[in-house]
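Okay, protein.cif is below, mmCIF, C-alpha atoms:
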data_entry
loop_
_atom_site.label_atom_id
_atom_site.label_comp_id
_atom_site.auth_asym_id
_atom_site.auth_seq_id
_atom_site.Cartn_x
_atom_site.Cartn_y
_atom_site.Cartn_z
CA MET A 1 -28.83 73.45 145.99
CA ARG A 2 -25.38 72.59 147.39
CA VAL A 3 -24.93 69.60 149.69
CA LEU A 4 -22.04 68.42 151.87
CA LEU A 5 -22.15 64.62 152.14
CA VAL A 6 -20.12 63.15 155.02
CA GLU A 7 -19.71 59.42 154.47
CA ASP A 8 -16.55 57.30 154.86
CA ASP A 9 -17.77 54.29 152.86
CA LEU A 10 -16.73 55.01 149.26
CA THR A 11 -19.39 52.85 147.63
CA THR A 12 -22.18 54.36 149.72
CA ALA A 13 -20.89 57.88 149.10
CA ARG A 14 -20.85 57.32 145.34
CA GLY A 15 -24.38 55.94 145.36
CA ILE A 16 -25.81 58.81 147.40
CA THR A 17 -23.93 61.36 145.31
CA MET A 18 -25.48 59.95 142.13
CA MET A 19 -28.94 60.08 143.71
CA LEU A 20 -28.55 63.71 144.73
CA ARG A 21 -27.08 64.78 141.40
CA GLN A 22 -30.07 63.23 139.66
CA GLY A 23 -32.08 65.67 141.79
CA ALA A 24 -30.00 68.54 140.34
CA MET A 25 -27.99 69.04 143.53
CA ILE A 26 -24.31 69.94 143.67
CA VAL A 27 -22.54 67.54 146.04
CA ASP A 28 -19.23 67.89 147.89
CA THR A 29 -18.01 64.89 149.89
CA ALA A 30 -15.95 64.37 153.03
CA ASP A 31 -14.92 61.05 154.56
CA THR A 32 -13.92 62.30 158.03
CA GLY A 33 -15.57 64.45 160.65
CA GLU A 34 -12.65 66.87 160.84
CA GLU A 35 -12.80 67.50 157.10
CA ALA A 36 -16.56 68.00 157.29
CA VAL A 37 -16.27 70.68 159.98
CA GLU A 38 -13.56 72.48 158.00
CA LEU A 39 -15.55 72.43 154.75
CA ALA A 40 -18.68 73.68 156.55
CA ARG A 41 -16.65 76.58 157.92
CA LEU A 42 -15.31 77.52 154.50
CA TYR A 43 -18.32 77.11 152.21
CA ASP A 44 -21.98 78.08 152.18
CA TYR A 45 -23.86 74.78 152.03
CA ASP A 46 -27.64 74.44 151.99
CA ILE A 47 -27.50 71.21 154.02
CA VAL A 48 -25.05 68.69 155.51
CA ILE A 49 -25.88 64.98 155.18
CA LEU A 50 -23.96 63.19 157.91
CA ASP A 51 -23.20 59.58 158.78
CA LEU A 52 -22.69 58.98 162.50
CA ILE A 53 -19.94 56.36 162.30
CA LEU A 54 -16.80 58.05 160.97
CA PRO A 55 -13.14 57.00 161.20
CA ASP A 56 -11.95 59.94 163.32
CA ILE A 57 -14.77 61.49 165.38
CA ASP A 58 -18.37 60.51 165.94
CA GLY A 59 -20.99 62.21 163.80
CA SER A 60 -22.66 63.62 166.91
CA GLU A 61 -19.39 65.41 167.69
CA VAL A 62 -19.46 66.90 164.20
CA VAL A 63 -22.92 68.32 164.92
CA ARG A 64 -21.72 69.68 168.29
CA ARG A 65 -18.73 71.42 166.71
CA LEU A 66 -20.81 72.92 163.92
CA ARG A 67 -23.29 74.41 166.35
CA ALA A 68 -20.54 75.53 168.74
CA ALA A 69 -19.00 77.43 165.81
CA ARG A 70 -22.43 79.00 165.15
CA ILE A 71 -22.71 77.29 161.78
CA GLU A 72 -26.47 77.09 161.25
CA THR A 73 -26.44 74.91 158.14
CA PRO A 74 -29.16 72.24 158.52
CA VAL A 75 -27.88 68.75 159.32
CA LEU A 76 -29.62 65.57 158.18
CA ILE A 77 -28.31 62.39 159.85
CA LEU A 78 -28.19 59.42 157.49
CA SER A 79 -27.13 56.39 159.49
CA GLY A 80 -27.58 52.68 160.05
CA VAL A 81 -27.82 53.36 163.79
CA SER A 82 -31.48 53.31 164.78
CA ARG A 83 -31.45 53.41 168.60
CA PRO A 84 -33.92 55.99 169.97
CA GLN A 85 -31.35 57.30 172.47
CA THR A 86 -28.95 58.03 169.61
CA LYS A 87 -31.59 60.06 167.80
CA VAL A 88 -32.43 61.95 170.97
CA LYS A 89 -28.73 62.73 171.48
CA VAL A 90 -28.10 64.16 168.01
CA PHE A 91 -31.36 66.12 167.99
CA GLY A 92 -30.32 67.62 171.31
CA MET A 93 -27.01 68.70 169.78
CA GLY A 94 -28.72 70.47 166.90
CA ALA A 95 -29.41 67.97 164.10
CA ASP A 96 -32.51 68.73 162.04
CA ASP A 97 -33.62 65.31 160.81
CA PHE A 98 -32.69 61.63 160.96
CA ILE A 99 -33.09 58.94 158.31
CA THR A 100 -32.14 55.34 158.98
CA LYS A 101 -30.32 53.27 156.36
CA PRO A 102 -31.46 51.67 154.13
CA PHE A 103 -33.56 54.52 152.81
CA ASP A 104 -35.78 55.44 149.88
CA GLN A 105 -34.21 57.80 147.34
CA GLN A 106 -37.36 59.85 146.80
CA GLU A 107 -37.88 60.24 150.53
CA LEU A 108 -34.29 61.43 151.00
CA VAL A 109 -34.62 64.07 148.28
CA ALA A 110 -38.01 65.19 149.61
CA ARG A 111 -36.66 65.47 153.17
CA ILE A 112 -33.68 67.51 151.97
CA GLN A 113 -35.92 69.92 150.07
CA ALA A 114 -38.28 70.30 153.05
CA ILE A 115 -35.44 70.93 155.51
CA VAL A 116 -33.79 73.52 153.28
CA ARG A 117 -37.11 75.28 152.61
CA ARG A 118 -37.88 75.59 156.30
CA ALA A 119 -34.35 76.72 157.11
CA LYS A 120 -34.71 79.54 154.58
CA GLY A 121 -38.11 80.59 155.92
CA PHE A 122 -40.35 78.96 153.31
CA SER A 123 -43.12 76.74 154.66
CA GLN A 124 -44.66 75.81 151.31
CA PRO A 125 -43.19 73.45 148.66
CA THR A 126 -42.91 76.42 146.30
CA LEU A 127 -40.64 79.41 146.90
CA ALA A 128 -42.58 82.59 146.17
CA VAL A 129 -41.06 86.02 145.54
CA GLY A 130 -43.60 88.49 144.21
CA PRO A 131 -45.21 86.94 141.10
CA LEU A 132 -42.33 84.45 140.83
CA ASN A 133 -42.85 80.86 141.97
CA LEU A 134 -40.08 78.25 142.03
CA ASN A 135 -40.83 74.61 142.80
CA LEU A 136 -37.80 72.84 144.28
CA GLY A 137 -39.20 69.39 143.55
CA SER A 138 -40.16 69.77 139.89
CA ARG A 139 -37.69 72.62 139.21
CA GLU A 140 -40.56 74.44 137.52
CA VAL A 141 -40.47 78.24 137.44
CA THR A 142 -43.59 80.31 136.83
CA VAL A 143 -44.48 83.99 136.85
CA SER A 144 -48.15 84.68 137.57
CA GLY A 145 -48.88 81.10 136.50
CA LYS A 146 -46.92 81.36 133.24
CA THR A 147 -44.08 78.85 132.82
CA VAL A 148 -40.60 80.32 132.38
CA HIS A 149 -38.20 78.01 130.55
CA LEU A 150 -34.68 78.19 132.01
CA THR A 151 -31.45 76.40 131.29
CA GLY A 152 -29.88 74.30 134.05
CA LYS A 153 -27.42 77.05 135.01
CA GLU A 154 -30.11 79.75 134.93
CA TYR A 155 -32.32 77.67 137.22
CA ALA A 156 -29.42 76.99 139.61
CA ILE A 157 -28.69 80.72 139.87
CA LEU A 158 -32.34 81.58 140.46
CA GLU A 159 -32.70 78.83 143.08
CA LEU A 160 -29.61 80.08 144.91
CA LEU A 161 -30.94 83.64 144.91
CA ALA A 162 -34.42 82.53 146.02
CA LEU A 163 -33.12 80.43 148.91
CA ARG A 164 -31.06 83.44 150.04
CA LYS A 165 -33.62 86.14 149.30
CA GLY A 166 -32.39 89.52 150.50
CA VAL A 167 -28.76 88.39 150.76
CA VAL A 168 -26.18 89.66 148.30
CA MET A 169 -24.41 86.80 146.54
CA THR A 170 -20.95 87.46 145.15
CA LYS A 171 -20.00 86.31 141.67
CA GLU A 172 -17.42 84.03 143.25
CA ALA A 173 -20.17 82.41 145.32
CA PHE A 174 -22.16 81.74 142.15
CA LEU A 175 -19.13 80.18 140.46
CA ASN A 176 -18.45 77.99 143.47
CA HIS A 177 -22.10 76.94 143.65
CA LEU A 178 -22.38 76.17 139.94
CA TYR A 179 -19.04 74.49 139.34
CA GLY A 180 -17.73 73.49 142.77
CA GLY A 181 -14.18 74.51 141.89
CA ILE A 182 -14.05 72.17 138.85
CA ASP A 183 -13.32 73.71 135.43
CA GLU A 184 -14.61 77.11 136.53
CA PRO A 185 -14.94 79.66 133.69
CA GLU A 186 -14.16 83.36 133.99
CA VAL A 187 -16.19 85.17 136.62
CA LYS A 188 -17.79 87.39 133.96
CA ILE A 189 -19.88 84.39 132.84
CA ILE A 190 -22.11 85.08 135.86
CA ASP A 191 -23.01 88.49 134.39
CA VAL A 192 -24.02 86.74 131.17
CA PHE A 193 -26.22 84.22 133.03
CA ILE A 194 -27.84 86.97 135.11
CA CYS A 195 -28.52 89.08 132.00
CA LYS A 196 -30.28 86.19 130.24
CA LEU A 197 -32.20 85.27 133.41
CA ARG A 198 -33.39 88.86 133.89
CA LYS A 199 -34.52 89.03 130.29
CA LYS A 200 -36.63 85.88 130.63
CA LEU A 201 -38.16 87.04 133.92
CA THR A 202 -38.94 90.48 132.47
CA GLN A 203 -40.61 88.97 129.40
CA ALA A 204 -42.72 86.81 131.73
CA GLY A 205 -43.82 89.85 133.75
CA ALA A 206 -41.38 89.88 136.67
CA PRO A 207 -38.88 92.69 136.07
CA ASP A 208 -36.56 94.15 138.70
CA LEU A 209 -36.52 91.11 140.99
CA ILE A 210 -32.74 90.70 140.68
CA GLY A 211 -30.81 93.71 141.89
CA THR A 212 -27.13 94.53 141.35
CA VAL A 213 -24.89 95.54 144.22
CA TRP A 214 -22.14 97.30 142.36
CA GLY A 215 -18.73 95.79 142.99
CA ARG A 216 -20.26 92.95 145.05
CA GLY A 217 -22.82 90.79 143.31
CA TYR A 218 -26.56 90.22 142.99
CA VAL A 219 -29.59 90.00 145.26
CA LEU A 220 -33.17 88.76 144.82
CA ARG A 221 -35.77 90.92 146.51
CA GLU A 222 -39.51 91.40 146.73
CA PRO A 223 -40.70 93.71 143.92
CA ASN A 224 -42.24 96.24 146.33
CA GLN A 225 -39.01 96.77 148.25
CA GLY A 226 -37.53 99.12 145.71
CA ARG A 227 -33.92 99.95 146.39
CA THR A 228 -32.46 97.59 148.99
CA PRO A 229 -30.29 99.25 151.64
CA ALA A 230 -26.90 97.60 151.97
CA TRP A 231 -27.39 96.88 155.64
CA GLN A 232 -30.41 94.77 154.78
CA ALA A 233 -28.53 92.76 152.17
CA PRO A 234 -25.06 91.82 153.43
CA ALA A 235 -22.89 90.09 150.85
CA VAL A 236 -21.93 86.50 151.53
CA GLY A 237 -18.33 86.52 152.69
CA THR A 238 -17.84 90.25 152.14
CA ALA A 239 -19.03 93.66 153.27
CA ALA A 240 -22.05 95.03 151.45
CA SER A 241 -21.91 97.91 149.04
CA LEU A 242 -23.81 101.10 149.77
CA ASP A 243 -25.23 101.25 146.25
CA VAL A 244 -27.85 98.63 145.50
CA ARG A 245 -30.04 98.96 142.43
CA ALA A 246 -31.56 97.01 139.59
CA ALA A 247 -29.32 96.77 136.56
#

Let me see whether you can do it: turn the structure in this file into structure tokens.
Amino acid sequence: MRVLLVEDDLTTARGITMMLRQGAMIVDTADTGEEAVELARLYDYDIVILDLILPDIDGSEVVRRLRAARIETPVLILSGVSRPQTKVKVFGMGADDFITKPFDQQELVARIQAIVRRAKGFSQPTLAVGPLNLNLGSREVTVSGKTVHLTGKEYAILELLALRKGVVMTKEAFLNHLYGGIDEPEVKIIDVFICKLRKKLTQAGAPDLIGTVWGRGYVLREPNQGRTPAWQAPAVGTAASLDVRAA
């Protein structure tokens, strides 16, 4: 799960970043509203965590600009401001949730997971795709009740695919999600991760969940869908290929 944290206080930002990384989240930070809007335009975040008091523009203006630009990334307000009229204002502009500082770490992580699940169309704590079940809280993966042991990178790839079920993810998107632009390896490493992940899922009884869009990337689909037409699985940031199949 990739998070954009918008917080101008360096100490607070570091503390929250550590909390989220302990929850296996990848965190990018911004200390101004303008930077936050630009990053949200450029990258595919699962959620934006936003302080209201920023040095350049108000957090509510950030929410307004995001929604005006048709950026649908969920926004969680994390602020010391607790006035009811402030909450009403930001909810009216398109914010998804509001937590008042100080806050409980476990509650913050649980709220983030719930918001992201609902935004991706999952109402239950566990993401289910065919016989595959992925629990965002415990990071446990099972196939028909059988536990599948994954490495951290394998889990991150599967989580990304599950949260974007039916959407083709480019290899570049995987690299950006896994490494955030820091010490990124060659793009072919994604093929290696996918190969190992497919093997583990197949051995557990869930073959053919991850399809290859030749020249584009990978897509997670329901097992009864068969071949996924390109128009049903547009690639993130690129046009979809016309040839989608399991590899």

TODO: Figure out the distance between CA of Arg198 in chain A and CA of Val148 in chain A, please, to one decimal in Å.
DONE: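 A separation of 11.3 Å between them.
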
Task: CA of Ile77 in chain A to CA of Leu161 in chain A, straight-line distance in Å - done: 26.1 Å

- [ ] Quick one: apply the PyMOL selection byres ((chain A and resi 44) around 10) to the file and drop the selected residues here as a ChimeraX atom specification.
- [x] /A:2-4,39-43,45-47,71,73,173,176-177,236-237

Restricting it to C-alpha atoms, dump the selection as a PDB file, in the frame of the given file.
ATOM      1  CA  ARG A   2     -25.380  72.590 147.390  1.00  0.00           C
ATOM      2  CA  VAL A   3     -24.930  69.600 149.690  1.00  0.00           C
ATOM      3  CA  LEU A   4     -22.040  68.420 151.870  1.00  0.00           C
ATOM      4  CA  LEU A  39     -15.550  72.430 154.750  1.00  0.00           C
ATOM      5  CA  ALA A  40     -18.680  73.680 156.550  1.00  0.00           C
ATOM      6  CA  ARG A  41     -16.650  76.580 157.920  1.00  0.00           C
ATOM      7  CA  LEU A  42     -15.310  77.520 154.500  1.00  0.00           C
ATOM      8  CA  TYR A  43     -18.320  77.110 152.210  1.00  0.00           C
ATOM      9  CA  TYR A  45     -23.860  74.780 152.030  1.00  0.00           C
ATOM     10  CA  ASP A  46     -27.640  74.440 151.990  1.00  0.00           C
ATOM     11  CA  ILE A  47     -27.500  71.210 154.020  1.00  0.00           C
ATOM     12  CA  ILE A  71     -22.710  77.290 161.780  1.00  0.00           C
ATOM     13  CA  THR A  73     -26.440  74.910 158.140  1.00  0.00           C
ATOM     14  CA  ALA A 173     -20.170  82.410 145.320  1.00  0.00           C
ATOM     15  CA  ASN A 176     -18.450  77.990 143.470  1.00  0.00           C
ATOM     16  CA  HIS A 177     -22.100  76.940 143.650  1.00  0.00           C
ATOM     17  CA  VAL A 236     -21.930  86.500 151.530  1.00  0.00           C
ATOM     18  CA  GLY A 237     -18.330  86.520 152.690  1.00  0.00           C
TER      19      GLY A 237
END

I'd like to see the residues matched by the PyMOL selection byres ((chain A and resi 60-64) around 7) on this file, and ideally I'd get them as a PDB file with C-alpha atoms, in the frame of the given file.
ATOM      1  CA  GLY A  33     -15.570  64.450 160.650  1.00  0.00           C
ATOM      2  CA  VAL A  37     -16.270  70.680 159.980  1.00  0.00           C
ATOM      3  CA  LEU A  52     -22.690  58.980 162.500  1.00  0.00           C
ATOM      4  CA  ILE A  57     -14.770  61.490 165.380  1.00  0.00           C
ATOM      5  CA  ASP A  58     -18.370  60.510 165.940  1.00  0.00           C
ATOM      6  CA  GLY A  59     -20.990  62.210 163.800  1.00  0.00           C
ATOM      7  CA  ARG A  65     -18.730  71.420 166.710  1.00  0.00           C
ATOM      8  CA  LEU A  66     -20.810  72.920 163.920  1.00  0.00           C
ATOM      9  CA  ARG A  67     -23.290  74.410 166.350  1.00  0.00           C
ATOM     10  CA  ALA A  68     -20.540  75.530 168.740  1.00  0.00           C
ATOM     11  CA  VAL A  90     -28.100  64.160 168.010  1.00  0.00           C
ATOM     12  CA  MET A  93     -27.010  68.700 169.780  1.00  0.00           C
ATOM     13  CA  GLY A  94     -28.720  70.470 166.900  1.00  0.00           C
ATOM     14  CA  ALA A  95     -29.410  67.970 164.100  1.00  0.00           C
TER      15      ALA A  95
END

- [ ] Determine the residue set returned by the PyMOL selection byres ((chain A and resi 149) around 10) for the present structure, and present it as a ChimeraX atom specification.
- [x] /A:140-142,146-148,150-152,154-155,197,200-201,204

Output of the above residues as a JSON list (two decimals), keeping the file's coordinate frame, restricted to C-alpha atoms:
[["chain", "number", "residue", "atom", "x", "y", "z"],
["A", 140, "GLU", "CA", -40.56, 74.44, 137.52],
["A", 141, "VAL", "CA", -40.47, 78.24, 137.44],
["A", 142, "THR", "CA", -43.59, 80.31, 136.83],
["A", 146, "LYS", "CA", -46.92, 81.36, 133.24],
["A", 147, "THR", "CA", -44.08, 78.85, 132.82],
["A", 148, "VAL", "CA", -40.60, 80.32, 132.38],
["A", 150, "LEU", "CA", -34.68, 78.19, 132.01],
["A", 151, "THR", "CA", -31.45, 76.40, 131.29],
["A", 152, "GLY", "CA", -29.88, 74.30, 134.05],
["A", 154, "GLU", "CA", -30.11, 79.75, 134.93],
["A", 155, "TYR", "CA", -32.32, 77.67, 137.22],
["A", 197, "LEU", "CA", -32.20, 85.27, 133.41],
["A", 200, "LYS", "CA", -36.63, 85.88, 130.63],
["A", 201, "LEU", "CA", -38.16, 87.04, 133.92],
["A", 204, "ALA", "CA", -42.72, 86.81, 131.73]]

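Near range 104-106 of chain A, within a cut-off of 12 Å and counting only C-alpha atoms, sit the residues Gly15, Ile16, Thr17, Met18, Met19, Leu20, Arg21, Gln22, Gly23, Leu78, Ile99, Thr100, Ala110, Arg111, Ile112, Gln113 and Gly137 of chain A, with same-chain residues fewer than 4 positions away left out.
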
Open item on the list: If I take CA of Gly211 in chain A and CA of Asp28 in chain A, how far is one from the other in Å, to one decimal?
Closed with: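 Those two atoms sit 28.9 Å apart.
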
TODO: Could you give me, as JSON, numbers by chain, the residues that sit within 10 Å of (-44.9, 75.4, 148.3) in the file's coordinates, counting all atoms listed in the file?
DONE: {"A": [114, 117, 122, 123, 124, 125, 126, 127, 128, 133, 134, 135, 136, 137]}

How would the residues just picked look written out with C-alpha atoms as a short mmCIF file (atom, residue, chain, number, x, y, z; two decimals), in the frame of the given file?
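Result saved to out-v1.cif:
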data_model
loop_
_atom_site.label_atom_id
_atom_site.label_comp_id
_atom_site.auth_asym_id
_atom_site.auth_seq_id
_atom_site.Cartn_x
_atom_site.Cartn_y
_atom_site.Cartn_z
CA ALA A 114 -38.28 70.30 153.05
CA ARG A 117 -37.11 75.28 152.61
CA PHE A 122 -40.35 78.96 153.31
CA SER A 123 -43.12 76.74 154.66
CA GLN A 124 -44.66 75.81 151.31
CA PRO A 125 -43.19 73.45 148.66
CA THR A 126 -42.91 76.42 146.30
CA LEU A 127 -40.64 79.41 146.90
CA ALA A 128 -42.58 82.59 146.17
CA ASN A 133 -42.85 80.86 141.97
CA LEU A 134 -40.08 78.25 142.03
CA ASN A 135 -40.83 74.61 142.80
CA LEU A 136 -37.80 72.84 144.28
CA GLY A 137 -39.20 69.39 143.55
#

TODO: Rank A:Val27, A:Leu76, A:Ala69, A:Ala162 by their smallest atom-to-atom distance to Asp97 in chain A, using all atoms listed in the file, and report the top residue only.
DONE: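 For Asp97 in chain A, the nearest of the given residues is A:Leu76.
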
Range 91-107 of chain A, all listed atoms, 5 Å padding on each side: what axis-aligned box centre and edge lengths in Å to one decimal come out, as JSON?
{"center_x": -32.4, "center_y": 61.1, "center_z": 159.1, "size_x": 20.9, "size_y": 28.8, "size_z": 34.5}

Task: Best match for closeness to Phe103 in chain A among A:Gly145, A:Gly80, A:Pro207, A:Pro74, counting only C-alpha atoms - done: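 Among the listed residues, A:Gly80 lies closest to Phe103 in chain A.
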
Open item on the list: So that I can check the surroundings of Ile210 in chain A, please list as a ChimeraX atom specification every protein, DNA and RNA residue that reaches within 8 Å of it, counting all atoms listed in the file and ignoring chain neighbours fewer than 6 positions away.
Closed with: /A:198,218-221,246
